[in-house]
Each structure stands twice: as structure tokens, then as C-alpha cells.
Amino acid sequence: MQLGAYRTTLTAAPLSSVFRGKMMNRGIKSRADGNSVNSKNNLTDHESGQPQVWSTSKSGYEEEFPSLSVSNRRTRIDLGTHCQPKWRKVVDNVDKLQIEPSTSISHQDDTFLPTSFGKKPLPSSSRNPMLRQTYHENGEGKRRSTFSKGTAIDEPFDICISEAREYNPLTGQVLRPGMVLFKNYIPLSEQVKIVNRCRELGCGPGGFYRPGYDDGAKLRLYMMCLGLDWNPQTRKYGERRHHDQVAAPGIPHEFTSLVRRVLDDSHTLIKRVLKTENVEDVLPAISPDLCIVNFYTTNGRLGLHQDTDESPDSLLKGFPVVSVSIGDSAEFLYGDQRDVGKAESVLLKSGDVLIFGGESRRIFHGVKTIIPDTAPHALLDATKLRPGRLNLTFRKY
């Protein structure tokens, strides 16, 4: 018979021939020899606590079998009378009752067993009604798939590796007070969206153009302004562009959300590195109202300069410039003087973000060179971006 997670070489006859419901209700118990005795007056060997002897008809071999009891109910299972020949033959050749672990369970006679017979008990917490909810919430009671151990039946499966990840702000660098650099901050999928959005805006009214001066000189880049237009000739901001009177496109909300996320991570990094709680004094937070988008070709350059064309209040409060790099890498220079020889250098790759504000708001900075063929190939394949660097600088006027 099957006992829990074990099997034996002896198999009981169907219990319907042993359990006598009506007889038990009247105080009568069944014996193996077919006779019945009154349970009040006569106790069987099993009921008196003595070991019961079972015998097969073929060899007469006697074997002790442990008694089975459930609470105060006692039953007797006649293995000698009802054993089938093929099972009796196995018993004749053994010296002791064989018990071995088994993972397979026969359900042939389940209908004759109590409903709780052979079932694995739940943890004590699950039997407590007050703790049952916690047991299931922790996933201990979740059904598992029959074809994959440890995989929930309703668990979704993605055949592609997800690129989404939480960026750890502690991997950034504080270059100087108010100046923070995050390497590989923007994932490739988001870089693709930024390029596509800039292309959409750049091909429409108020899009990319190559700014110049009255003497005919032109900058070595293409520019598009969002929110407010910046005139390189007059170094002033306005609602419309000077050369065609077209209003500047607005800043997409996804760009604004990116700036807020960058500044939040900057504050986390500054708090850890500089051991200060007043992070806004080091690098103020902003909601940008203008963005200058520049595209540098492979021979693009930008000399050392200061960004001081924003309002006096913005400069006084040290509202930061948030610079996003996409495409080919660039050698970026910065320093306290307009001297290339004394300037420090940092390599900005696709997906990097640089922030400078607070004490570093008026640093001199520029682009020394664009390094060809350094843009991610996956980015170029997805966007068909021209060779060069796309740079977005967000500010608060």
C-alpha cells in the first residue's frame, strides 16, 4: 500500500471490504477470519497494543506489521486473505517488510481513503487562517509548471533581452563642485528616441540651420533652438529666429523628464561624495525652458567660451547646464580660464551626460575635436544618423 511519500511491497485490498461503517456505529468490529466481536467486551490483539501477525497462504511466513491508527479510530487491513497472487509471490522472497522512498503515487484506491490521507501537510503558517494570506503572497503556494521547475504557469516570457535597467547614480563622477559627469547614462533605446525626435523637429519649421555672422563667417556646426531662440550674432534670446522670423519649437516633455531624472541622480551622488544635505546649494534643480541642439560634423569644433547669455537671475542662482551627448565621441575641454593649454579634458561618448552649475556655472568650455567612427553601430543602424555628434544643452533662462 502507499503510505505518504513511501511505497511497500505489500498492497492492501480496497478498504471498502474492511471498513464496515454500520458495524462500527453499533460497536461491532470486523476480524480477519470473518467473525465479528463486540468492541466493548472483547479486544483484538491490535486493540490491546500487541503486535499483529500476518500470514501468507503460500509459505506460511509470518511478518510483524506496525499498527495503523488515526486519532482514536483503529482499523485492521487483512493482507493475507485479499492479496493477489503476484503480490504474494513477492512477499515469499523477502525477510522483512521493504520500505523505500518513491516519487510516484498510485491513485487506484483513492476513493476508499479519507480525504486527507497521504496529503503533504502545509507549513504551520498556512494552517493558521491569520497567516494564510502571507503564505500565498510570498509565492510558497503558487502552482508550478509541469514542464519547467521553478517557472510559474502564468509568468510572462520575453524572447528578447530587456535593455531597461535602473541606472546607479553612485557610478557618476563629481569633477568639481557643481560639475557632475555620468558615463553611459542614457540607454541605447532612449538614444534612438532622442535622435528620431530631434530629426522630426529639425526637418520642420524652426529646425536645423548653420548660424553665421554679418561678416560671412559661419559656425562649424548645425543648430536648432527649442523653447527660445538664441542668436549667435547678438547673443540674445528671443521668441523668433532673426533670419526667418520662425518661432522656436517647444521642448518635448520626454526631454524635460530626462533633465529632472539627471538632476535627481546628481543630488544623490553629491550627497554621498560631498557629505552634504544641502545639495541644492551645490547644484540647483531646474525645469528647463530652453534647449540648444547642436550637430557637429566630423570636423566640427567649438572654441572655449562661457554660457552667460541667460538672465542675470539664472546666472546668480547658478542654474545648471545639462549637456547630453549622442553619436560620435568628443574631446570636451573645460577650465577657469580661456586658455586651451590650461584646460582639462574629458571624453564624452554617446549616452554620457555632463552637468555644470553652482560654482561651476561660468566655467570656460568647448569642443576640441570629434572622433570619427566612434558612435555605437546599433544606434547608426536604427537611426541612420550622419557621422558626427548630436549635443543637447538644457538651460533655465
# chains A, B, ... in the order shown; residues from 1 in each chain; ligands from 1

$ closest_atom_pairs --of "region 218-258 of chain A" --to "region 348-372 of chain A" --cutoff "12 Å" --atoms "only C-alpha atoms" --output "JSON lines"
{"residue": "A:Arg220", "atom": "CA", "partner": "A:Val367", "partner_atom": "CA", "distance": 10.9}
{"residue": "A:Leu221", "atom": "CA", "partner": "A:Val367", "partner_atom": "CA", "distance": 11.0}
{"residue": "A:Leu258", "atom": "CA", "partner": "A:Val353", "partner_atom": "CA", "distance": 10.4}

$ residues_around --residues "region 375-377 of chain A" --least-positions-apart "5" --cutoff "7 Å" --atoms "only C-alpha atoms" --output "number ranges by chain"
A: 327-329, 350

$ select_by_dssp --residues "region 179-315 of chain A" --states "strand (DSSP E or B)" --output "PyMOL selection string"
chain A and resi 179-182+209+212+218+222-226+229-231+236-238+240+247+290-296+302-305

$ atom_distance --atom1 "CA of Tyr213 (chain A)" --atom2 "CA of Glu200 (chain A)"
26.8 Å

$ atom_distance --atom1 "CA of Asp264 (chain A)" --atom2 "CA of Arg389 (chain A)"
25.7 Å

$ residues_around --residues "region 309-321 of chain A" --least-positions-apart "6" --cutoff "10 Å" --atoms "only C-alpha atoms" --output "VMD selection string"
chain A and resid 178 to 179 230 234 to 237 259 263 280 to 288 290 to 291 354 to 362 392 to 397

$ atom_distance --atom1 "CA of Leu226 (chain A)" --atom2 "CA of His267 (chain A)"
25.8 Å

$ select_by_dssp --residues "region 126-328 of chain A" --states "helix (DSSP H, G or I)" --output "PyMOL selection string"
chain A and resi 126-127+132-137+169-171+188-202+253-274+279-282+312-317

$ write_last_selection --atoms "C-alpha atoms" --output "PDB file, in the first residue's frame"
ATOM      1  CA  SER A 126      -0.560  28.296   6.131  1.00  0.00           C
ATOM      2  CA  ARG A 127      -2.750  26.304   8.550  1.00  0.00           C
ATOM      3  CA  ARG A 132      -2.506  32.033   5.178  1.00  0.00           C
ATOM      4  CA  GLN A 133      -2.543  35.267   3.140  1.00  0.00           C
ATOM      5  CA  THR A 134       1.155  35.881   3.820  1.00  0.00           C
ATOM      6  CA  TYR A 135       1.967  32.322   2.784  1.00  0.00           C
ATOM      7  CA  HIS A 136       0.422  32.797  -0.646  1.00  0.00           C
ATOM      8  CA  GLU A 137       1.727  36.324  -1.139  1.00  0.00           C
ATOM      9  CA  PRO A 169      23.783  57.306  -9.673  1.00  0.00           C
ATOM     10  CA  LEU A 170      26.704  56.357  -7.448  1.00  0.00           C
ATOM     11  CA  THR A 171      28.722  55.395 -10.554  1.00  0.00           C
ATOM     12  CA  LEU A 188      20.544  52.845 -26.454  1.00  0.00           C
ATOM     13  CA  SER A 189      16.768  52.641 -26.894  1.00  0.00           C
ATOM     14  CA  GLU A 190      16.381  56.123 -25.396  1.00  0.00           C
ATOM     15  CA  GLN A 191      19.212  57.467 -27.542  1.00  0.00           C
ATOM     16  CA  VAL A 192      17.344  56.252 -30.607  1.00  0.00           C
ATOM     17  CA  LYS A 193      14.205  58.085 -29.470  1.00  0.00           C
ATOM     18  CA  ILE A 194      16.157  61.297 -28.887  1.00  0.00           C
ATOM     19  CA  VAL A 195      17.703  61.167 -32.373  1.00  0.00           C
ATOM     20  CA  ASN A 196      14.348  60.462 -34.024  1.00  0.00           C
ATOM     21  CA  ARG A 197      12.657  63.285 -32.095  1.00  0.00           C
ATOM     22  CA  CYS A 198      15.406  65.750 -32.994  1.00  0.00           C
ATOM     23  CA  ARG A 199      15.185  64.722 -36.631  1.00  0.00           C
ATOM     24  CA  GLU A 200      11.425  65.221 -36.632  1.00  0.00           C
ATOM     25  CA  LEU A 201      11.774  68.703 -35.149  1.00  0.00           C
ATOM     26  CA  GLY A 202      14.885  69.532 -37.158  1.00  0.00           C
ATOM     27  CA  HIS A 253       8.090  66.525 -22.417  1.00  0.00           C
ATOM     28  CA  GLU A 254      10.343  63.444 -22.596  1.00  0.00           C
ATOM     29  CA  PHE A 255      13.370  65.757 -22.776  1.00  0.00           C
ATOM     30  CA  THR A 256      12.191  67.659 -19.703  1.00  0.00           C
ATOM     31  CA  SER A 257      11.679  64.381 -17.809  1.00  0.00           C
ATOM     32  CA  LEU A 258      15.217  63.311 -18.690  1.00  0.00           C
ATOM     33  CA  VAL A 259      16.647  66.532 -17.207  1.00  0.00           C
ATOM     34  CA  ARG A 260      14.742  66.070 -13.950  1.00  0.00           C
ATOM     35  CA  ARG A 261      15.957  62.481 -13.653  1.00  0.00           C
ATOM     36  CA  VAL A 262      19.563  63.509 -14.279  1.00  0.00           C
ATOM     37  CA  LEU A 263      19.438  66.216 -11.613  1.00  0.00           C
ATOM     38  CA  ASP A 264      17.847  63.862  -9.073  1.00  0.00           C
ATOM     39  CA  ASP A 265      20.672  61.378  -9.607  1.00  0.00           C
ATOM     40  CA  SER A 266      23.202  64.219  -9.409  1.00  0.00           C
ATOM     41  CA  HIS A 267      21.851  65.191  -5.996  1.00  0.00           C
ATOM     42  CA  THR A 268      22.137  61.594  -4.772  1.00  0.00           C
ATOM     43  CA  LEU A 269      25.752  61.472  -5.906  1.00  0.00           C
ATOM     44  CA  ILE A 270      26.657  64.860  -4.444  1.00  0.00           C
ATOM     45  CA  LYS A 271      25.116  63.974  -1.089  1.00  0.00           C
ATOM     46  CA  ARG A 272      27.277  60.858  -0.913  1.00  0.00           C
ATOM     47  CA  VAL A 273      30.546  62.314  -2.197  1.00  0.00           C
ATOM     48  CA  LEU A 274      30.487  65.762  -0.583  1.00  0.00           C
ATOM     49  CA  VAL A 279      22.552  69.586  -2.384  1.00  0.00           C
ATOM     50  CA  GLU A 280      20.597  72.455  -3.977  1.00  0.00           C
ATOM     51  CA  ASP A 281      23.293  74.853  -2.764  1.00  0.00           C
ATOM     52  CA  VAL A 282      25.861  72.838  -4.708  1.00  0.00           C
ATOM     53  CA  PRO A 312      21.035  87.630 -14.548  1.00  0.00           C
ATOM     54  CA  ASP A 313      18.810  85.813 -12.026  1.00  0.00           C
ATOM     55  CA  SER A 314      19.546  82.448 -13.637  1.00  0.00           C
ATOM     56  CA  LEU A 315      23.298  83.096 -13.566  1.00  0.00           C
ATOM     57  CA  LEU A 316      23.205  84.386  -9.984  1.00  0.00           C
ATOM     58  CA  LYS A 317      21.415  81.270  -8.738  1.00  0.00           C
TER      59      LYS A 317
END

$ closest_residue --among "A:Asn184, A:Ser323, A:Gln306, A:Gln233" --to "Asp336 (chain A)" --atoms "only C-alpha atoms"
A:Gln306

$ decode --residues "region 306-328 of chain A" --atoms "N, CA and C atoms" --output "compact mmCIF listing (two decimals), in the first residue's frame"
# COMPACT_ATOMS: atom_id res chain seq x y z
N GLN A 306 32.09 80.96 -22.39
CA GLN A 306 31.21 80.88 -21.22
C GLN A 306 29.76 81.01 -21.66
N ASP A 307 28.87 80.30 -20.99
CA ASP A 307 27.43 80.44 -21.25
C ASP A 307 26.89 81.49 -20.28
N THR A 308 26.86 82.72 -20.72
CA THR A 308 26.42 83.83 -19.83
C THR A 308 25.30 84.66 -20.46
N ASP A 309 24.60 84.09 -21.43
CA ASP A 309 23.55 84.84 -22.11
C ASP A 309 22.17 84.62 -21.48
N GLU A 310 22.07 83.80 -20.47
CA GLU A 310 20.81 83.61 -19.77
C GLU A 310 20.55 84.82 -18.86
N SER A 311 19.41 84.87 -18.23
CA SER A 311 19.03 86.03 -17.41
C SER A 311 19.99 86.18 -16.22
N PRO A 312 20.17 87.41 -15.72
CA PRO A 312 21.03 87.63 -14.55
C PRO A 312 20.60 86.79 -13.34
N ASP A 313 19.29 86.61 -13.15
CA ASP A 313 18.81 85.81 -12.03
C ASP A 313 19.22 84.36 -12.16
N SER A 314 19.15 83.84 -13.38
CA SER A 314 19.55 82.45 -13.64
C SER A 314 21.03 82.24 -13.36
N LEU A 315 21.85 83.20 -13.79
CA LEU A 315 23.30 83.10 -13.57
C LEU A 315 23.64 83.24 -12.09
N LEU A 316 22.94 84.15 -11.40
CA LEU A 316 23.20 84.39 -9.98
C LEU A 316 22.88 83.15 -9.15
N LYS A 317 21.81 82.47 -9.48
CA LYS A 317 21.41 81.27 -8.74
C LYS A 317 22.19 80.03 -9.16
N GLY A 318 22.98 80.16 -10.21
CA GLY A 318 23.79 79.02 -10.65
C GLY A 318 22.99 77.91 -11.27
N PHE A 319 21.87 78.25 -11.92
CA PHE A 319 21.08 77.23 -12.59
C PHE A 319 21.96 76.49 -13.61
N PRO A 320 21.95 75.17 -13.59
CA PRO A 320 22.92 74.40 -14.37
C PRO A 320 22.60 74.29 -15.85
N VAL A 321 23.62 73.92 -16.59
CA VAL A 321 23.51 73.49 -17.99
C VAL A 321 23.63 71.97 -17.99
N VAL A 322 22.66 71.30 -18.59
CA VAL A 322 22.66 69.84 -18.68
C VAL A 322 22.95 69.46 -20.12
N SER A 323 24.10 68.81 -20.35
CA SER A 323 24.57 68.50 -21.70
C SER A 323 24.48 67.01 -21.98
N VAL A 324 23.77 66.64 -23.06
CA VAL A 324 23.57 65.24 -23.45
C VAL A 324 24.32 64.99 -24.76
N SER A 325 25.11 63.91 -24.79
CA SER A 325 25.90 63.56 -25.98
C SER A 325 25.36 62.31 -26.64
N ILE A 326 25.19 62.38 -27.96
CA ILE A 326 24.70 61.24 -28.75
C ILE A 326 25.54 61.15 -30.03
N GLY A 327 25.93 59.93 -30.39
CA GLY A 327 26.68 59.75 -31.65
C GLY A 327 28.17 59.59 -31.40
N ASP A 328 28.99 60.21 -32.27
CA ASP A 328 30.44 60.10 -32.14
C ASP A 328 30.93 60.78 -30.86
